[in-house]
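Scroll down for the structure; my scribbles are underneath it.
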Amino acid sequence: MTNRALHRLIFLIVFNGVALLSWGTTYYVHPELGNDDHSGTHLLAPFKSLKKISTLNLKAGDEILLAAGYTFDGTLRLDGQKGASDHPIRISSYQWANSLEDPRAIIDAGQASNGIHLNDCSHIIVEHLI
């Protein structure tokens, strides 16, 4: 095997390994620093509202991460969103500041009956939220 062929083989192995590791997209939400016109896919360009998350077409392996220590008003509503048994959709908190008493985000549904409403969804994990 020539050096060039070996380099191509290594590239393919690394490229395919990276592709396998990057199953989903991570969406960040921050109620103060966010903007629903942002991409939401970077810590420095988070979405602002739960309503924006409700408009996304999520895929297996995607994550919705809410800024820990902040309160989100309203309901996170997901309709027909399907994760997979080996790549669920995950809804959780992410650490925004280092010195939080409780490193979880809070969803305040107000007068609504649910802070999170899942309709016809499967393989969704909800964790580390209040």
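Identifiers in the structure tokens: chain A, B, ... in order shown; residue index from 1 per chain; ligand index from 1 in order shown.
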Per-residue nearest contacts stretch 76-129 of chain A to stretch 55-62 of chain A, cut-off 9 Å, using only C-alpha atoms, as JSON lines:
```
{"residue": "A:Arg77", "atom": "CA", "partner": "A:Thr55", "partner_atom": "CA", "distance": 8.8}
{"residue": "A:Leu78", "atom": "CA", "partner": "A:Thr55", "partner_atom": "CA", "distance": 8.2}
{"residue": "A:Gly80", "atom": "CA", "partner": "A:Asn57", "partner_atom": "CA", "distance": 9.0}
{"residue": "A:Gln81", "atom": "CA", "partner": "A:Leu58", "partner_atom": "CA", "distance": 6.1}
{"residue": "A:Lys82", "atom": "CA", "partner": "A:Ala60", "partner_atom": "CA", "distance": 6.5}
{"residue": "A:Gly83", "atom": "CA", "partner": "A:Ala60", "partner_atom": "CA", "distance": 4.0}
{"residue": "A:Ala84", "atom": "CA", "partner": "A:Ala60", "partner_atom": "CA", "distance": 5.5}
{"residue": "A:Ser85", "atom": "CA", "partner": "A:Ala60", "partner_atom": "CA", "distance": 8.7}
{"residue": "A:Asp86", "atom": "CA", "partner": "A:Gly61", "partner_atom": "CA", "distance": 8.3}
{"residue": "A:His87", "atom": "CA", "partner": "A:Gly61", "partner_atom": "CA", "distance": 4.5}
{"residue": "A:Pro88", "atom": "CA", "partner": "A:Gly61", "partner_atom": "CA", "distance": 5.2}
{"residue": "A:Ile89", "atom": "CA", "partner": "A:Asp62", "partner_atom": "CA", "distance": 5.0}
{"residue": "A:Arg90", "atom": "CA", "partner": "A:Asp62", "partner_atom": "CA", "distance": 6.5}
{"residue": "A:Ile91", "atom": "CA", "partner": "A:Asp62", "partner_atom": "CA", "distance": 8.8}
{"residue": "A:His123", "atom": "CA", "partner": "A:Ala60", "partner_atom": "CA", "distance": 8.4}
```
| said: Calculated over only C-alpha atoms, which of the candidates A:Asn35, A:Ser93, A:Thr26, A:Ser54 has the smallest distance to A:Ala67? | reply: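 Of A:Asn35, A:Ser93, A:Thr26, A:Ser54, the one nearest A:Ala67, counting only C-alpha atoms, is A:Ser93.
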| field | Nearest candidate to A:Thr71 (options A:Leu118, A:Leu43, A:Leu50, A:Val126; using only C-alpha atoms) | value |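 Among A:Leu118, A:Leu43, A:Leu50, A:Val126, it is A:Leu50 that comes nearest to A:Thr71.
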| Which is closest to A:Ile106 among A:Tyr70, A:Tyr28, A:Phe47, A:Trp23, if we use only C-alpha atoms? | A:Tyr70
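For the atom pair formed by atom CA of A:Gly74 and atom CA of A:Ile107, the distance is 7.1 Å, given to one decimal.
Residues with any atom within 7 Å of A:Val29, counting only C-alpha atoms and excluding same-chain neighbours fewer than 2 positions away, are Tyr27, Pro31, Gly34, Gly40, Pro46, Phe47, Lys48, Ser49, Leu65, Leu66 and Ala67 of chain A.
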| Where does DSSP see alpha helix (DSSP H) in stretch 11-117 of chain A, if you list the residues as a PyMOL selection string? | chain A and resi 11-21+50-53
Once you have the residues from the selection above, write them out as an mmCIF file, in the first residue's frame, restricted to C-alpha atoms.
```cif
data_model
loop_
_atom_site.group_PDB
_atom_site.id
_atom_site.type_symbol
_atom_site.label_atom_id
_atom_site.label_comp_id
_atom_site.auth_asym_id
_atom_site.auth_seq_id
_atom_site.Cartn_x
_atom_site.Cartn_y
_atom_site.Cartn_z
ATOM 1 C CA PHE A 11 -8.957 9.953 6.246
ATOM 2 C CA LEU A 12 -11.978 7.752 5.497
ATOM 3 C CA ILE A 13 -11.772 6.022 8.862
ATOM 4 C CA VAL A 14 -11.498 9.334 10.743
ATOM 5 C CA PHE A 15 -14.184 11.031 8.616
ATOM 6 C CA ASN A 16 -16.639 8.168 9.088
ATOM 7 C CA GLY A 17 -15.894 8.019 12.809
ATOM 8 C CA VAL A 18 -16.638 11.722 13.182
ATOM 9 C CA ALA A 19 -19.830 11.338 11.153
ATOM 10 C CA LEU A 20 -20.972 8.529 13.420
ATOM 11 C CA LEU A 21 -20.326 10.582 16.541
ATOM 12 C CA LEU A 50 -39.668 27.640 24.244
ATOM 13 C CA LYS A 51 -42.089 28.630 21.490
ATOM 14 C CA LYS A 52 -39.204 28.695 18.987
ATOM 15 C CA ILE A 53 -38.154 25.168 19.987
#
```
| Which is closest to A:Ser113 among A:Glu127, A:Glu63, A:Thr75, A:Gln95, if we use only C-alpha atoms? |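 Closest to A:Ser113, using only C-alpha atoms: A:Thr75.
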| task | Could you check how far atom CA of A:Asn119 sits from atom CA of A:Gly69, in Å to one decimal? | result |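 Atom CA of A:Gly69 lies 26.9 Å from atom CA of A:Asn119.
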